[in-house]
Amino acid sequence: MSHPKDQAPVSESSFADEDENPRISLKIEDWLTVIVMGLLSLITFANVLVRYFTDQSFAWTEEFSVFLMIVLALVAGSASVARNRQIRIEYFADSGSEKRQRALARFGALMVFLLFALIAVLSTRVVWDDYRFGETSPGIGVPQWWYTIWLPVMSVAIAGRALGLFVRRGRQP
């Protein structure tokens, strides 16, 4: 077990965002995380109680729980991009000159932006097809687009956070 003072100090040249404030508050993602986790807990707890007392289960809980977990992953992705905590190889990202680190940080943010902008565009087509063809969910039969609409919405949010990170990195000296 390592002691905090035994760990390597964070270099001043790293581009951590603890002291940076994006224009759009990170409280949005934080509160969405709390709400989704609360809903997941309530749904699961209610299903356990019903199963324990009646030997039956709510049919809709699995479908809705999977949907909420996907939303939670997308919200966490948005928060990680905004906080500059997305996955990267730190050996490359945090080594070299300040100029190189800034260029790699901006390149990474730009690639995240492009990826999620593309996902937003392509998943909008999926939502449209779900709506147009009247697809229903397999478990409870609600319109499928109620679930799929959140992929382009959250992809736009992540792309926006990545674009904001790209701009903030360009402003750094």
# chains A, B, ... in the order shown; residues from 1 in each chain; ligands from 1

$ select_by_dssp --residues "stretch 54-161 of chain A" --states "alpha helix (DSSP H)" --output "ChimeraX atom specification"
/A:54,60-82,90-93,98-132,145-148,150-161

$ residues_around --residues "A:Thr148" --least-positions-apart "4" --cutoff "12 Å" --atoms "only C-alpha atoms" --output "list of chain:residue names"
A:Phe67, A:Leu68, A:Ile70, A:Val71, A:Ala120, A:Leu122, A:Ser123, A:Thr124, A:Arg125, A:Val126, A:Val127, A:Trp128, A:Asp129, A:Asp130, A:Tyr131, A:Glu135, A:Thr136, A:Ser137, A:Val142, A:Pro143, A:Gln144, A:Pro152, A:Val153, A:Met154, A:Ser155

$ write_last_selection --atoms "C-alpha atoms" --output "PDB file, in the first residue's frame"
ATOM      1  CA  PHE A  67     -30.980   2.346 -20.612  1.00  0.00           C
ATOM      2  CA  LEU A  68     -30.013   4.241 -17.453  1.00  0.00           C
ATOM      3  CA  ILE A  70     -25.937   3.705 -20.933  1.00  0.00           C
ATOM      4  CA  VAL A  71     -27.019   7.238 -20.075  1.00  0.00           C
ATOM      5  CA  ALA A 120     -24.280  12.353 -33.091  1.00  0.00           C
ATOM      6  CA  LEU A 122     -25.090   8.873 -37.423  1.00  0.00           C
ATOM      7  CA  SER A 123     -27.190   8.114 -34.353  1.00  0.00           C
ATOM      8  CA  THR A 124     -29.671  10.818 -35.348  1.00  0.00           C
ATOM      9  CA  ARG A 125     -30.409   8.663 -38.385  1.00  0.00           C
ATOM     10  CA  VAL A 126     -31.036   5.676 -36.096  1.00  0.00           C
ATOM     11  CA  VAL A 127     -33.463   7.744 -34.004  1.00  0.00           C
ATOM     12  CA  TRP A 128     -35.253   8.916 -37.141  1.00  0.00           C
ATOM     13  CA  ASP A 129     -35.557   5.338 -38.400  1.00  0.00           C
ATOM     14  CA  ASP A 130     -36.880   4.170 -35.021  1.00  0.00           C
ATOM     15  CA  TYR A 131     -39.475   6.946 -35.106  1.00  0.00           C
ATOM     16  CA  GLU A 135     -40.006   0.470 -33.607  1.00  0.00           C
ATOM     17  CA  THR A 136     -40.923  -0.548 -30.087  1.00  0.00           C
ATOM     18  CA  SER A 137     -38.709  -1.745 -27.276  1.00  0.00           C
ATOM     19  CA  VAL A 142     -42.625   1.670 -25.669  1.00  0.00           C
ATOM     20  CA  PRO A 143     -41.377   3.556 -28.721  1.00  0.00           C
ATOM     21  CA  GLN A 144     -37.697   2.718 -29.217  1.00  0.00           C
ATOM     22  CA  PRO A 152     -27.247  11.915 -30.218  1.00  0.00           C
ATOM     23  CA  VAL A 153     -28.156  14.314 -27.399  1.00  0.00           C
ATOM     24  CA  MET A 154     -25.341  13.111 -25.146  1.00  0.00           C
ATOM     25  CA  SER A 155     -22.937  12.832 -28.103  1.00  0.00           C
TER      26      SER A 155
END

$ residues_around --residues "stretch 79-81 of chain A" --least-positions-apart "3" --cutoff "7 Å" --atoms "only C-alpha atoms" --output "PyMOL selection string"
chain A and resi 26+29+75-76+84-86+158+161-162

$ residues_around --residues "A:Phe113" --least-positions-apart "5" --cutoff "12 Å" --atoms "only C-alpha atoms" --output "tab-separated table (two decimals) with N, CA and C atoms, in the first residue's frame"
chain	number	residue	atom	x	y	z
A	78	SER	N	-18.99	12.70	-20.73
A	78	SER	CA	-19.04	14.15	-20.87
A	78	SER	C	-18.26	14.82	-19.73
A	81	VAL	N	-14.44	14.35	-20.22
A	81	VAL	CA	-13.87	15.22	-21.25
A	81	VAL	C	-13.77	16.65	-20.72
A	82	ALA	N	-14.82	17.13	-20.06
A	82	ALA	CA	-14.80	18.50	-19.55
A	82	ALA	C	-13.71	18.69	-18.50
A	106	ARG	N	-4.58	19.47	-27.40
A	106	ARG	CA	-5.53	20.02	-28.36
A	106	ARG	C	-5.90	18.98	-29.42
A	107	PHE	N	-4.92	18.21	-29.87
A	107	PHE	CA	-5.18	17.16	-30.86
A	107	PHE	C	-6.15	16.13	-30.28
A	108	GLY	N	-5.92	15.71	-29.04
A	108	GLY	CA	-6.81	14.74	-28.39
A	108	GLY	C	-8.22	15.27	-28.27
A	118	LEU	N	-19.48	12.85	-35.12
A	118	LEU	CA	-19.86	11.81	-36.08
A	118	LEU	C	-20.90	10.86	-35.47
A	119	ILE	N	-20.70	10.46	-34.23
A	119	ILE	CA	-21.68	9.60	-33.56
A	119	ILE	C	-23.04	10.30	-33.47
A	120	ALA	N	-23.02	11.60	-33.18
A	120	ALA	CA	-24.28	12.35	-33.09
A	120	ALA	C	-25.01	12.35	-34.43
A	155	SER	N	-24.10	12.71	-27.22
A	155	SER	CA	-22.94	12.83	-28.10
A	155	SER	C	-22.66	14.30	-28.43
A	156	VAL	N	-23.71	15.07	-28.63
A	156	VAL	CA	-23.54	16.51	-28.86
A	156	VAL	C	-22.96	17.16	-27.60
A	157	ALA	N	-23.42	16.74	-26.43
A	157	ALA	CA	-22.88	17.29	-25.17
A	157	ALA	C	-21.39	16.97	-25.04
A	158	ILE	N	-21.02	15.74	-25.33
A	158	ILE	CA	-19.60	15.36	-25.23
A	158	ILE	C	-18.78	16.11	-26.27
A	159	ALA	N	-19.30	16.22	-27.48
A	159	ALA	CA	-18.59	16.98	-28.52
A	159	ALA	C	-18.43	18.44	-28.10
A	160	GLY	N	-19.45	18.99	-27.49
A	160	GLY	CA	-19.36	20.37	-27.00
A	160	GLY	C	-18.32	20.53	-25.90
A	161	ARG	N	-18.28	19.57	-24.99
A	161	ARG	CA	-17.26	19.60	-23.93
A	161	ARG	C	-15.86	19.48	-24.52
A	162	ALA	N	-15.70	18.63	-25.54
A	162	ALA	CA	-14.39	18.46	-26.18
A	162	ALA	C	-13.99	19.74	-26.91
A	163	LEU	N	-14.94	20.38	-27.57
A	163	LEU	CA	-14.65	21.64	-28.26
A	163	LEU	C	-14.24	22.71	-27.25
A	164	GLY	N	-14.93	22.76	-26.12
A	164	GLY	CA	-14.56	23.70	-25.06
A	164	GLY	C	-13.16	23.44	-24.53
A	165	LEU	N	-12.82	22.17	-24.36
A	165	LEU	CA	-11.47	21.81	-23.90
A	165	LEU	C	-10.44	22.22	-24.95
A	166	PHE	N	-10.74	22.00	-26.22
A	166	PHE	CA	-9.84	22.41	-27.31
A	166	PHE	C	-9.58	23.92	-27.26
A	167	VAL	N	-10.64	24.69	-27.07
A	167	VAL	CA	-10.51	26.15	-27.02
A	167	VAL	C	-9.71	26.57	-25.78

$ closest_atom_pairs --of "stretch 69-140 of chain A" --to "stretch 46-63 of chain A" --cutoff "10 Å" --atoms "only C-alpha atoms" --output "JSON lines"
{"residue": "A:Ser137", "atom": "CA", "partner": "A:Glu63", "partner_atom": "CA", "distance": 8.4}
{"residue": "A:Pro138", "atom": "CA", "partner": "A:Glu63", "partner_atom": "CA", "distance": 8.3}
{"residue": "A:Gly139", "atom": "CA", "partner": "A:Glu63", "partner_atom": "CA", "distance": 6.3}
{"residue": "A:Ile140", "atom": "CA", "partner": "A:Trp60", "partner_atom": "CA", "distance": 5.9}

$ closest_residue --among "A:Gln172, A:Ser65, A:Val121, A:Ala93" --to "A:Phe45" --atoms "only C-alpha atoms"
A:Ser65

$ closest_residue --among "A:Phe64, A:Arg83, A:Leu74, A:Asp94" --to "A:Lys27" --atoms "only C-alpha atoms"
A:Arg83
